[in-house]
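Structure file query_7.pdb (PDB, C-alpha atoms) is printed below.
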ATOM      1  CA  VAL M   1       0.000   0.000   0.000  1.00  0.00           C
ATOM      2  CA  SER M   2       1.509   3.305  -1.029  1.00  0.00           C
ATOM      3  CA  THR M   3       0.768   6.999  -1.233  1.00  0.00           C
ATOM      4  CA  GLN M   4       0.565   8.131  -4.830  1.00  0.00           C
ATOM      5  CA  SER M   5       0.278  11.536  -6.404  1.00  0.00           C
ATOM      6  CA  THR M   6       0.493  13.231  -9.764  1.00  0.00           C
ATOM      7  CA  GLY M   7       3.637  15.269 -10.245  1.00  0.00           C
ATOM      8  CA  ASP M   8       1.402  18.362 -10.378  1.00  0.00           C
ATOM      9  CA  SER M   9       0.359  17.871  -6.738  1.00  0.00           C
ATOM     10  CA  LEU M  10       3.917  17.831  -5.426  1.00  0.00           C
ATOM     11  CA  VAL M  11       6.208  20.751  -4.653  1.00  0.00           C
ATOM     12  CA  ASP M  12       9.824  19.983  -5.577  1.00  0.00           C
ATOM     13  CA  GLY M  13       8.899  16.287  -5.482  1.00  0.00           C
ATOM     14  CA  LYS M  14       7.538  16.533  -1.938  1.00  0.00           C
ATOM     15  CA  ILE M  15       4.106  16.656  -0.335  1.00  0.00           C
ATOM     16  CA  PRO M  16       2.999  20.316  -0.155  1.00  0.00           C
ATOM     17  CA  ASN M  17       2.429  22.053   3.172  1.00  0.00           C
ATOM     18  CA  ARG M  18      -1.287  22.786   2.716  1.00  0.00           C
ATOM     19  CA  HIS M  19      -4.636  21.064   3.249  1.00  0.00           C
ATOM     20  CA  LEU M  20      -4.759  17.894   1.146  1.00  0.00           C
ATOM     21  CA  LEU M  21      -7.607  15.757  -0.113  1.00  0.00           C
ATOM     22  CA  ILE M  22      -6.593  12.068  -0.094  1.00  0.00           C
ATOM     23  CA  ALA M  23      -8.746   9.431  -1.812  1.00  0.00           C
ATOM     24  CA  THR M  24      -8.512   5.862  -0.523  1.00  0.00           C
ATOM     25  CA  GLU M  25     -10.245   2.571   0.250  1.00  0.00           C
ATOM     26  CA  TYR M  26      -7.910   2.254   3.256  1.00  0.00           C
ATOM     27  CA  ALA M  27      -9.287   4.934   5.585  1.00  0.00           C
ATOM     28  CA  ARG M  28      -7.756   3.661   8.861  1.00  0.00           C
ATOM     29  CA  VAL M  29      -4.292   3.073   7.394  1.00  0.00           C
ATOM     30  CA  THR M  30      -4.425   6.481   5.713  1.00  0.00           C
ATOM     31  CA  SER M  31      -5.543   8.251   8.917  1.00  0.00           C
ATOM     32  CA  LYS M  32      -2.588   6.760  10.788  1.00  0.00           C
ATOM     33  CA  TRP M  33      -0.221   7.816   7.997  1.00  0.00           C
ATOM     34  CA  ILE M  34      -1.614  11.373   7.966  1.00  0.00           C
ATOM     35  CA  GLU M  35      -1.183  11.623  11.740  1.00  0.00           C
ATOM     36  CA  ALA M  36       2.325  10.117  11.719  1.00  0.00           C
ATOM     37  CA  ASN M  37       3.429  12.632   9.085  1.00  0.00           C
ATOM     38  CA  GLY M  38       1.720  15.633  10.699  1.00  0.00           C
ATOM     39  CA  LEU M  39      -0.282  16.442   7.584  1.00  0.00           C
ATOM     40  CA  ASP M  40      -3.348  18.641   7.267  1.00  0.00           C
ATOM     41  CA  ALA M  41      -5.581  16.360   5.202  1.00  0.00           C
ATOM     42  CA  SER M  42      -9.084  15.040   4.673  1.00  0.00           C
ATOM     43  CA  ILE M  43      -9.952  11.571   3.434  1.00  0.00           C
ATOM     44  CA  VAL M  44     -12.361  10.828   0.599  1.00  0.00           C
ATOM     45  CA  ARG M  45     -13.554   7.215   0.956  1.00  0.00           C
ATOM     46  CA  THR M  46     -13.513   5.347  -2.357  1.00  0.00           C
ATOM     47  CA  TYR M  47     -15.003   2.056  -3.456  1.00  0.00           C
ATOM     48  CA  GLY M  48     -12.809   1.082  -6.397  1.00  0.00           C
ATOM     49  CA  ALA M  49     -11.061   2.991  -9.214  1.00  0.00           C
ATOM     50  CA  THR M  50      -9.243   5.177  -6.668  1.00  0.00           C
ATOM     51  CA  GLU M  51      -6.500   5.929  -9.210  1.00  0.00           C
ATOM     52  CA  VAL M  52      -8.825   8.147 -11.285  1.00  0.00           C
ATOM     53  CA  PHE M  53      -9.406  10.697  -8.504  1.00  0.00           C
ATOM     54  CA  PRO M  54      -6.265  12.865  -8.941  1.00  0.00           C
ATOM     55  CA  PRO M  55      -5.861  15.605  -9.863  1.00  0.00           C
ATOM     56  CA  GLU M  56      -9.468  16.853 -10.145  1.00  0.00           C
ATOM     57  CA  ASP M  57     -11.086  15.099  -7.175  1.00  0.00           C
ATOM     58  CA  ALA M  58      -8.112  14.493  -4.862  1.00  0.00           C
ATOM     59  CA  ASP M  59      -4.547  15.673  -4.395  1.00  0.00           C
ATOM     60  CA  MET M  60      -3.272  12.169  -3.817  1.00  0.00           C
ATOM     61  CA  ILE M  61      -4.396   8.617  -3.151  1.00  0.00           C
ATOM     62  CA  VAL M  62      -3.458   5.766  -0.860  1.00  0.00           C
ATOM     63  CA  ASP M  63      -3.890   2.511  -2.739  1.00  0.00           C
ATOM     64  CA  ASN M  64      -2.264  -0.840  -3.379  1.00  0.00           C
ATOM     65  CA  SER M  65       0.037  -1.347  -6.332  1.00  0.00           C
ATOM     66  CA  ALA M  66       1.466  -4.519  -7.819  1.00  0.00           C
ATOM     67  CA  THR M  67       3.106  -3.781 -11.155  1.00  0.00           C
ATOM     68  CA  GLY M  68       2.830  -0.001 -11.351  1.00  0.00           C
ATOM     69  CA  SER M  69       1.127  -0.057 -14.767  1.00  0.00           C
ATOM     70  CA  THR M  70      -2.045   1.599 -13.408  1.00  0.00           C
ATOM     71  CA  LEU M  71       0.109   4.274 -11.784  1.00  0.00           C
ATOM     72  CA  LYS M  72       1.825   5.071 -15.080  1.00  0.00           C
ATOM     73  CA  ALA M  73      -1.462   5.059 -16.983  1.00  0.00           C
ATOM     74  CA  ASN M  74      -2.839   7.707 -14.588  1.00  0.00           C
ATOM     75  CA  ARG M  75       0.376   9.764 -14.354  1.00  0.00           C
ATOM     76  CA  LEU M  76       0.828   8.901 -10.663  1.00  0.00           C
ATOM     77  CA  GLN M  77       4.062   8.388  -8.800  1.00  0.00           C
ATOM     78  CA  ILE M  78       4.737   6.759  -5.450  1.00  0.00           C
ATOM     79  CA  VAL M  79       5.435   9.309  -2.719  1.00  0.00           C
ATOM     80  CA  ASP M  80       5.637   6.937   0.248  1.00  0.00           C
ATOM     81  CA  THR M  81       5.185   3.228   0.970  1.00  0.00           C
ATOM     82  CA  LEU M  82       2.910   2.560   3.923  1.00  0.00           C
ATOM     83  CA  MET M  83       3.286  -1.225   3.940  1.00  0.00           C
ATOM     84  CA  THR M  84       4.299  -4.144   1.779  1.00  0.00           C
ATOM     85  CA  SER M  85       2.662  -7.525   1.541  1.00  0.00           C
ATOM     86  CA  SER M  86       3.240 -10.955   0.111  1.00  0.00           C
ATOM     87  CA  THR M  87       1.066 -13.959  -0.497  1.00  0.00           C
ATOM     88  CA  HIS M  88       1.404 -17.156   1.501  1.00  0.00           C
ATOM     89  CA  LEU M  89      -0.519 -20.415   1.383  1.00  0.00           C
ATOM     90  CA  CYS M  90      -1.010 -21.580   4.974  1.00  0.00           C
ATOM     91  CA  VAL M  91      -2.585 -24.824   6.135  1.00  0.00           C
ATOM     92  CA  HIS M  92      -3.222 -26.444   9.471  1.00  0.00           C
ATOM     93  CA  PRO M  93      -0.568 -29.068  10.317  1.00  0.00           C
ATOM     94  CA  SER M  94      -3.239 -31.799  10.389  1.00  0.00           C
ATOM     95  CA  VAL M  95      -3.606 -31.424   6.600  1.00  0.00           C
ATOM     96  CA  PHE M  96      -0.300 -33.233   6.178  1.00  0.00           C
ATOM     97  CA  ASP M  97      -1.862 -36.326   7.805  1.00  0.00           C
ATOM     98  CA  ASP M  98      -4.837 -36.412   5.402  1.00  0.00           C
ATOM     99  CA  PRO M  99      -3.889 -37.593   1.869  1.00  0.00           C
ATOM    100  CA  ASP M 100      -7.149 -36.299   0.342  1.00  0.00           C
ATOM    101  CA  LYS M 101      -6.713 -32.798   1.779  1.00  0.00           C
ATOM    102  CA  LEU M 102      -3.035 -32.803   0.851  1.00  0.00           C
ATOM    103  CA  ALA M 103      -3.945 -33.732  -2.734  1.00  0.00           C
ATOM    104  CA  MET M 104      -6.436 -30.835  -2.892  1.00  0.00           C
ATOM    105  CA  ILE M 105      -3.773 -28.432  -1.580  1.00  0.00           C
ATOM    106  CA  ASP M 106      -1.331 -29.682  -4.238  1.00  0.00           C
ATOM    107  CA  VAL M 107      -3.898 -29.044  -6.996  1.00  0.00           C
ATOM    108  CA  PHE M 108      -4.643 -25.580  -5.628  1.00  0.00           C
ATOM    109  CA  LYS M 109      -0.929 -24.790  -5.427  1.00  0.00           C
ATOM    110  CA  MET M 110      -0.408 -26.002  -9.010  1.00  0.00           C
ATOM    111  CA  LEU M 111      -3.232 -23.750 -10.254  1.00  0.00           C
ATOM    112  CA  LEU M 112      -1.819 -20.714  -8.420  1.00  0.00           C
ATOM    113  CA  GLU M 113       1.667 -21.348  -9.799  1.00  0.00           C
ATOM    114  CA  SER M 114       0.302 -21.787 -13.324  1.00  0.00           C
ATOM    115  CA  ALA M 115      -1.515 -18.440 -13.143  1.00  0.00           C
ATOM    116  CA  LYS M 116       1.617 -16.764 -11.800  1.00  0.00           C
ATOM    117  CA  LEU M 117       3.754 -18.202 -14.607  1.00  0.00           C
ATOM    118  CA  ALA M 118       1.161 -17.141 -17.201  1.00  0.00           C
ATOM    119  CA  ARG M 119       1.608 -13.496 -16.182  1.00  0.00           C
ATOM    120  CA  THR M 120       5.175 -13.631 -17.508  1.00  0.00           C
ATOM    121  CA  ARG M 121       4.448 -15.357 -20.835  1.00  0.00           C
ATOM    122  CA  VAL M 122       2.465 -15.016 -24.052  1.00  0.00           C
ATOM    123  CA  LEU M 123       1.566 -17.597 -26.660  1.00  0.00           C
ATOM    124  CA  ILE M 124       3.267 -17.031 -29.998  1.00  0.00           C
ATOM    125  CA  GLU M 125       1.986 -18.838 -33.079  1.00  0.00           C
ATOM    126  CA  PHE M 126       3.278 -18.527 -36.624  1.00  0.00           C
ATOM    127  CA  ASN M 127       3.867 -20.390 -39.856  1.00  0.00           C
ATOM    128  CA  VAL M 128       7.348 -21.009 -41.245  1.00  0.00           C
ATOM    129  CA  PRO M 129       8.563 -22.624 -44.505  1.00  0.00           C
ATOM    130  CA  ASN M 130      10.139 -26.087 -44.242  1.00  0.00           C
ATOM    131  CA  GLN M 131      13.635 -24.872 -45.125  1.00  0.00           C
ATOM    132  CA  HIS M 132      13.689 -22.410 -42.164  1.00  0.00           C
ATOM    133  CA  LEU M 133      12.052 -24.564 -39.485  1.00  0.00           C
ATOM    134  CA  ASP M 134      15.234 -25.703 -37.715  1.00  0.00           C
ATOM    135  CA  GLU M 135      16.677 -22.169 -37.659  1.00  0.00           C
ATOM    136  CA  VAL M 136      13.481 -20.652 -36.255  1.00  0.00           C
ATOM    137  CA  VAL M 137      13.020 -23.360 -33.624  1.00  0.00           C
ATOM    138  CA  GLN M 138      16.484 -22.481 -32.277  1.00  0.00           C
ATOM    139  CA  LEU M 139      15.279 -18.886 -31.773  1.00  0.00           C
ATOM    140  CA  ILE M 140      12.200 -19.748 -29.710  1.00  0.00           C
ATOM    141  CA  PRO M 141      12.684 -19.532 -25.906  1.00  0.00           C
ATOM    142  CA  SER M 142      10.201 -22.320 -25.101  1.00  0.00           C
ATOM    143  CA  LEU M 143       9.482 -23.778 -21.684  1.00  0.00           C
ATOM    144  CA  LYS M 144      10.505 -27.197 -23.047  1.00  0.00           C
ATOM    145  CA  HIS M 145       9.920 -27.525 -26.788  1.00  0.00           C
ATOM    146  CA  PRO M 146       7.672 -25.621 -29.198  1.00  0.00           C
ATOM    147  CA  THR M 147       4.659 -27.386 -30.679  1.00  0.00           C
ATOM    148  CA  ILE M 148       5.235 -28.002 -34.394  1.00  0.00           C
ATOM    149  CA  SER M 149       2.536 -29.162 -36.797  1.00  0.00           C
ATOM    150  CA  PRO M 150       2.771 -29.644 -40.580  1.00  0.00           C
ATOM    151  CA  LEU M 151       0.484 -27.408 -42.631  1.00  0.00           C
ATOM    152  CA  SER M 152      -1.613 -28.799 -45.472  1.00  0.00           C
ATOM    153  CA  GLY M 153       0.473 -29.330 -48.574  1.00  0.00           C
ATOM    154  CA  ASN M 154       3.565 -29.993 -46.388  1.00  0.00           C
ATOM    155  CA  ALA M 155       5.323 -26.818 -47.573  1.00  0.00           C
ATOM    156  CA  ALA M 156       5.411 -25.203 -44.134  1.00  0.00           C
ATOM    157  CA  PHE M 157       4.899 -25.768 -40.430  1.00  0.00           C
ATOM    158  CA  ALA M 158       2.812 -24.105 -37.749  1.00  0.00           C
ATOM    159  CA  VAL M 159       4.882 -23.340 -34.638  1.00  0.00           C
ATOM    160  CA  LYS M 160       3.421 -22.546 -31.225  1.00  0.00           C
ATOM    161  CA  SER M 161       5.165 -21.769 -27.931  1.00  0.00           C
ATOM    162  CA  ALA M 162       4.663 -20.011 -24.587  1.00  0.00           C
ATOM    163  CA  ILE M 163       7.491 -17.452 -24.554  1.00  0.00           C
ATOM    164  CA  PRO M 164       8.564 -14.740 -22.071  1.00  0.00           C
ATOM    165  CA  LYS M 165       6.650 -11.507 -22.719  1.00  0.00           C
ATOM    166  CA  GLN M 166       9.843  -9.460 -22.799  1.00  0.00           C
ATOM    167  CA  ASP M 167      11.164 -11.500 -25.766  1.00  0.00           C
ATOM    168  CA  VAL M 168       8.277 -10.683 -28.137  1.00  0.00           C
ATOM    169  CA  VAL M 169       9.661  -7.415 -29.512  1.00  0.00           C
ATOM    170  CA  ASN M 170      13.013  -8.925 -30.466  1.00  0.00           C
ATOM    171  CA  LEU M 171      11.641 -12.259 -31.609  1.00  0.00           C
ATOM    172  CA  ILE M 172       9.057 -11.111 -34.175  1.00  0.00           C
ATOM    173  CA  PRO M 173      11.596  -9.501 -36.576  1.00  0.00           C
ATOM    174  CA  LYS M 174      13.806 -12.607 -36.354  1.00  0.00           C
ATOM    175  CA  ILE M 175      10.891 -14.880 -37.211  1.00  0.00           C
ATOM    176  CA  LYS M 176       9.950 -12.607 -40.134  1.00  0.00           C
ATOM    177  CA  ALA M 177      13.566 -12.632 -41.362  1.00  0.00           C
ATOM    178  CA  HIS M 178      13.386 -16.439 -41.524  1.00  0.00           C
ATOM    179  CA  GLY M 179      10.194 -16.443 -43.615  1.00  0.00           C
ATOM    180  CA  GLY M 180       7.729 -16.569 -40.733  1.00  0.00           C
ATOM    181  CA  THR M 181       4.187 -15.409 -41.485  1.00  0.00           C
ATOM    182  CA  ASP M 182       0.801 -15.150 -39.790  1.00  0.00           C
ATOM    183  CA  ILE M 183       2.397 -14.333 -36.429  1.00  0.00           C
ATOM    184  CA  LEU M 184      -0.112 -14.266 -33.576  1.00  0.00           C
ATOM    185  CA  ILE M 185       0.528 -13.206 -29.968  1.00  0.00           C
ATOM    186  CA  THR M 186      -2.067 -14.214 -27.362  1.00  0.00           C
ATOM    187  CA  GLU M 187      -2.331 -13.543 -23.632  1.00  0.00           C
ATOM    188  CA  ILE M 188      -2.269 -16.693 -21.504  1.00  0.00           C
ATOM    189  CA  LYS M 189      -4.390 -17.335 -18.406  1.00  0.00           C
ATOM    190  CA  GLN M 190      -2.495 -20.352 -17.087  1.00  0.00           C
ATOM    191  CA  VAL M 191       0.654 -22.321 -17.904  1.00  0.00           C
ATOM    192  CA  VAL M 192       0.803 -25.762 -16.308  1.00  0.00           C
ATOM    193  CA  THR M 193       4.249 -27.287 -16.733  1.00  0.00           C
TER     194      THR M 193
END

Structure encoded using structure tokens:
Amino acid sequence: VSTQSTGDSLVDGKIPNRHLLIATEYARVTSKWIEANGLDASIVRTYGATEVFPPEDADMIVDNSATGSTLKANRLQIVDTLMTSSTHLCVHPSVFDDPDKLAMIDVFKMLLESAKLARTRVLIEFNVPNQHLDEVVQLIPSLKHPTISPLSGNAAFAVKSAIPKQDVVNLIPKIKAHGGTDILITEIKQVVT
């Protein structure tokens, strides 16, 4: 949970010394932060979409942030971090003595891990002529191996792989340079390895 503000609301990158309007879903946490920092501020209670309040309806917000993409989209910057959190899967020790419950926990854990992995990858699909298949396959940063299927007429192959998102920009021109066509990039919901 952090305090966020547009650059316009800050004075020399700092919180201004005047009455502030702070939008948040976290009223108690925000009140404690205001008091601890000796600020003159009022809280506007929000119920979702807090990031859209500044600059017209609030000087700053207190909200949670994971990746920072919403902050950037709304021209907000972090001014202070009130707390950090992490996710933990906790079970009662007796679960380890019950094979059925333990199996359910393992499935749940697998599904969580697959969703987490999917956030870092996209599915790339494209067609490539036979003579360039081996070269292109060497370029693909697959989890294990790309899926390769012959196209009708056997003149080309369809290639499919879950690749790291950050590799897309560099990979597409390389695929094109090796005769790749019909390149598709798709978001993934889960990747079970």

Problem - segment 75-89 of chain M surroundings by all atoms listed in the file, 12 Å radius, close-in-sequence under 6 positions cut, as an NGL selection string - result: :M and (1-16 or 26 or 28-34 or 36-37 or 50-55 or 59-66 or 68-69 or 105-106 or 108-110 or 112-113 or 116)

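Across M:Asn127, M:Ile188, M:Ala73, M:Arg18, the tightest approach to Asn154 of chain M is made by M:Asn127 when counting all atoms listed in the file.
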
Practice task
Could you check how far atom CA of Val159 of chain M sits from atom CA of Ala115 of chain M, in Å to one decimal?
Solution key: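 Computing it gives 23.0 Å between the two atoms.
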
Exercise for the section: Determine the residue membership of the PyMOL selection byres ((chain M and resi 176) around 12) for the file above and supply it as a list of chain:residue names. Expected result: M:Phe126, M:Asn127, M:Val128, M:Pro129, M:His132, M:Glu135, M:Val136, M:Leu139, M:Val169, M:Asn170, M:Leu171, M:Ile172, M:Pro173, M:Lys174, M:Ile175, M:Ala177, M:His178, M:Gly179, M:Gly180, M:Thr181, M:Asp182, M:Ile183

Practice task
Using atom CA of Ile185 of chain M and atom CA of Lys72 of chain M as the two end points, give the distance in Å to one decimal.
Solution key: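 Atom CA of Lys72 of chain M lies 23.6 Å from atom CA of Ile185 of chain M.
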
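Atom CA of Glu25 of chain M lies 7.3 Å from atom CA of Gly48 of chain M.
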
With 4 Å of padding per side, what axis-aligned box (centre and edge lengths, Å, one decimal) covers all the listed atoms of segment 148-155 of chain M? Give it as lines of an AutoDock Vina configuration file.
center_x = 1.9
center_y = -28.4
center_z = -41.5
size_x = 14.9
size_y = 11.2
size_z = 22.2

Handout entry: Shell of 8 Å around Val191 of chain M, all atoms listed in the file, local chain residues under 6 positions omitted, as a list of chain:residue names
Key = M:Ser114, M:Ala115, M:Leu117, M:Ala118

Take the residues from that selection and put them in a file with C-alpha atoms, as a tab-separated table (two decimals), in the coordinates of the input.
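Final output, saved to result_12.tsv:
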chain	number	residue	atom	x	y	z
M	114	SER	CA	0.30	-21.79	-13.32
M	115	ALA	CA	-1.52	-18.44	-13.14
M	117	LEU	CA	3.75	-18.20	-14.61
M	118	ALA	CA	1.16	-17.14	-17.20

Handout entry: Nearby residues (all atoms listed in the file) at most 8 Å from Arg121 of chain M, same-chain spacing under 5 positions excluded, as a list in words
Key =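 The filter keeps Ala162, Ile163, Pro164, Lys165, Glu187 and Ile188 of chain M.
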
Missing atoms in segment 139-150 of chain M: can you complete it with all heavy atoms, as a PDB file, in the frame of the given file?
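Output (result-v2.pdb):
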ATOM      1  N   LEU M 139      15.503 -20.245 -32.279  1.00  0.00           N
ATOM      2  CA  LEU M 139      15.279 -18.886 -31.773  1.00  0.00           C
ATOM      3  C   LEU M 139      14.242 -18.825 -30.649  1.00  0.00           C
ATOM      4  O   LEU M 139      14.234 -17.878 -29.866  1.00  0.00           O
ATOM      5  CB  LEU M 139      14.779 -17.977 -32.908  1.00  0.00           C
ATOM      6  CG  LEU M 139      15.680 -17.754 -34.119  1.00  0.00           C
ATOM      7  CD1 LEU M 139      14.925 -16.988 -35.194  1.00  0.00           C
ATOM      8  CD2 LEU M 139      16.940 -17.007 -33.709  1.00  0.00           C
ATOM      9  N   ILE M 140      13.360 -19.805 -30.596  1.00  0.00           N
ATOM     10  CA  ILE M 140      12.200 -19.748 -29.710  1.00  0.00           C
ATOM     11  C   ILE M 140      12.577 -20.145 -28.273  1.00  0.00           C
ATOM     12  O   ILE M 140      13.001 -21.270 -28.030  1.00  0.00           O
ATOM     13  CB  ILE M 140      11.077 -20.693 -30.219  1.00  0.00           C
ATOM     14  CG1 ILE M 140      10.740 -20.425 -31.687  1.00  0.00           C
ATOM     15  CG2 ILE M 140       9.830 -20.578 -29.339  1.00  0.00           C
ATOM     16  CD1 ILE M 140      10.236 -19.048 -31.966  1.00  0.00           C
ATOM     17  N   PRO M 141      12.394 -19.224 -27.313  1.00  0.00           N
ATOM     18  CA  PRO M 141      12.684 -19.532 -25.906  1.00  0.00           C
ATOM     19  C   PRO M 141      11.509 -20.265 -25.244  1.00  0.00           C
ATOM     20  O   PRO M 141      10.768 -19.709 -24.457  1.00  0.00           O
ATOM     21  CB  PRO M 141      12.912 -18.154 -25.285  1.00  0.00           C
ATOM     22  CG  PRO M 141      12.057 -17.241 -26.113  1.00  0.00           C
ATOM     23  CD  PRO M 141      12.040 -17.823 -27.503  1.00  0.00           C
ATOM     24  N   SER M 142      11.326 -21.527 -25.598  1.00  0.00           N
ATOM     25  CA  SER M 142      10.201 -22.320 -25.101  1.00  0.00           C
ATOM     26  C   SER M 142      10.442 -22.791 -23.674  1.00  0.00           C
ATOM     27  O   SER M 142      11.573 -22.864 -23.212  1.00  0.00           O
ATOM     28  CB  SER M 142      10.002 -23.551 -25.986  1.00  0.00           C
ATOM     29  OG  SER M 142       9.735 -23.159 -27.305  1.00  0.00           O
ATOM     30  N   LEU M 143       9.345 -23.170 -23.006  1.00  0.00           N
ATOM     31  CA  LEU M 143       9.482 -23.778 -21.684  1.00  0.00           C
ATOM     32  C   LEU M 143      10.217 -25.108 -21.802  1.00  0.00           C
ATOM     33  O   LEU M 143      11.123 -25.397 -21.030  1.00  0.00           O
ATOM     34  CB  LEU M 143       8.102 -24.004 -21.063  1.00  0.00           C
ATOM     35  CG  LEU M 143       7.398 -22.741 -20.571  1.00  0.00           C
ATOM     36  CD1 LEU M 143       5.935 -23.020 -20.273  1.00  0.00           C
ATOM     37  CD2 LEU M 143       8.093 -22.198 -19.332  1.00  0.00           C
ATOM     38  N   LYS M 144       9.821 -25.931 -22.767  1.00  0.00           N
ATOM     39  CA  LYS M 144      10.505 -27.197 -23.047  1.00  0.00           C
ATOM     40  C   LYS M 144      10.815 -27.264 -24.535  1.00  0.00           C
ATOM     41  O   LYS M 144      11.953 -27.119 -24.941  1.00  0.00           O
ATOM     42  CB  LYS M 144       9.657 -28.378 -22.591  1.00  0.00           C
ATOM     43  CG  LYS M 144       9.528 -28.440 -21.071  1.00  0.00           C
ATOM     44  CD  LYS M 144       8.721 -29.615 -20.604  1.00  0.00           C
ATOM     45  CE  LYS M 144       8.613 -29.537 -19.078  1.00  0.00           C
ATOM     46  NZ  LYS M 144       7.618 -30.423 -18.548  1.00  0.00           N
ATOM     47  N   HIS M 145       9.777 -27.476 -25.340  1.00  0.00           N
ATOM     48  CA  HIS M 145       9.920 -27.525 -26.788  1.00  0.00           C
ATOM     49  C   HIS M 145       8.699 -26.864 -27.412  1.00  0.00           C
ATOM     50  O   HIS M 145       7.596 -27.014 -26.893  1.00  0.00           O
ATOM     51  CB  HIS M 145      10.001 -28.974 -27.296  1.00  0.00           C
ATOM     52  CG  HIS M 145      11.080 -29.773 -26.649  1.00  0.00           C
ATOM     53  ND1 HIS M 145      12.402 -29.640 -26.983  1.00  0.00           N
ATOM     54  CD2 HIS M 145      11.042 -30.716 -25.676  1.00  0.00           C
ATOM     55  CE1 HIS M 145      13.132 -30.460 -26.252  1.00  0.00           C
ATOM     56  NE2 HIS M 145      12.328 -31.118 -25.445  1.00  0.00           N
ATOM     57  N   PRO M 146       8.856 -26.177 -28.542  1.00  0.00           N
ATOM     58  CA  PRO M 146       7.672 -25.621 -29.198  1.00  0.00           C
ATOM     59  C   PRO M 146       6.823 -26.743 -29.807  1.00  0.00           C
ATOM     60  O   PRO M 146       7.322 -27.829 -30.095  1.00  0.00           O
ATOM     61  CB  PRO M 146       8.256 -24.719 -30.289  1.00  0.00           C
ATOM     62  CG  PRO M 146       9.619 -25.245 -30.537  1.00  0.00           C
ATOM     63  CD  PRO M 146      10.091 -25.855 -29.251  1.00  0.00           C
ATOM     64  N   THR M 147       5.546 -26.462 -29.982  1.00  0.00           N
ATOM     65  CA  THR M 147       4.659 -27.386 -30.679  1.00  0.00           C
ATOM     66  C   THR M 147       4.797 -27.111 -32.167  1.00  0.00           C
ATOM     67  O   THR M 147       4.690 -25.954 -32.596  1.00  0.00           O
ATOM     68  CB  THR M 147       3.199 -27.179 -30.233  1.00  0.00           C
ATOM     69  OG1 THR M 147       3.128 -27.407 -28.831  1.00  0.00           O
ATOM     70  CG2 THR M 147       2.253 -28.118 -30.962  1.00  0.00           C
ATOM     71  N   ILE M 148       5.035 -28.152 -32.949  1.00  0.00           N
ATOM     72  CA  ILE M 148       5.235 -28.002 -34.394  1.00  0.00           C
ATOM     73  C   ILE M 148       4.275 -28.935 -35.112  1.00  0.00           C
ATOM     74  O   ILE M 148       4.237 -30.134 -34.821  1.00  0.00           O
ATOM     75  CB  ILE M 148       6.692 -28.327 -34.790  1.00  0.00           C
ATOM     76  CG1 ILE M 148       7.654 -27.400 -34.035  1.00  0.00           C
ATOM     77  CG2 ILE M 148       6.881 -28.233 -36.290  1.00  0.00           C
ATOM     78  CD1 ILE M 148       9.110 -27.779 -34.159  1.00  0.00           C
ATOM     79  N   SER M 149       3.502 -28.368 -36.027  1.00  0.00           N
ATOM     80  CA  SER M 149       2.536 -29.162 -36.797  1.00  0.00           C
ATOM     81  C   SER M 149       2.700 -28.861 -38.278  1.00  0.00           C
ATOM     82  O   SER M 149       2.817 -27.693 -38.664  1.00  0.00           O
ATOM     83  CB  SER M 149       1.103 -28.807 -36.387  1.00  0.00           C
ATOM     84  OG  SER M 149       0.916 -28.981 -35.006  1.00  0.00           O
ATOM     85  N   PRO M 150       2.684 -29.899 -39.137  1.00  0.00           N
ATOM     86  CA  PRO M 150       2.771 -29.644 -40.580  1.00  0.00           C
ATOM     87  C   PRO M 150       1.487 -28.993 -41.083  1.00  0.00           C
ATOM     88  O   PRO M 150       0.393 -29.322 -40.633  1.00  0.00           O
ATOM     89  CB  PRO M 150       2.962 -31.039 -41.183  1.00  0.00           C
ATOM     90  CG  PRO M 150       2.483 -31.987 -40.141  1.00  0.00           C
ATOM     91  CD  PRO M 150       2.625 -31.314 -38.818  1.00  0.00           C
TER      92      PRO M 150
END
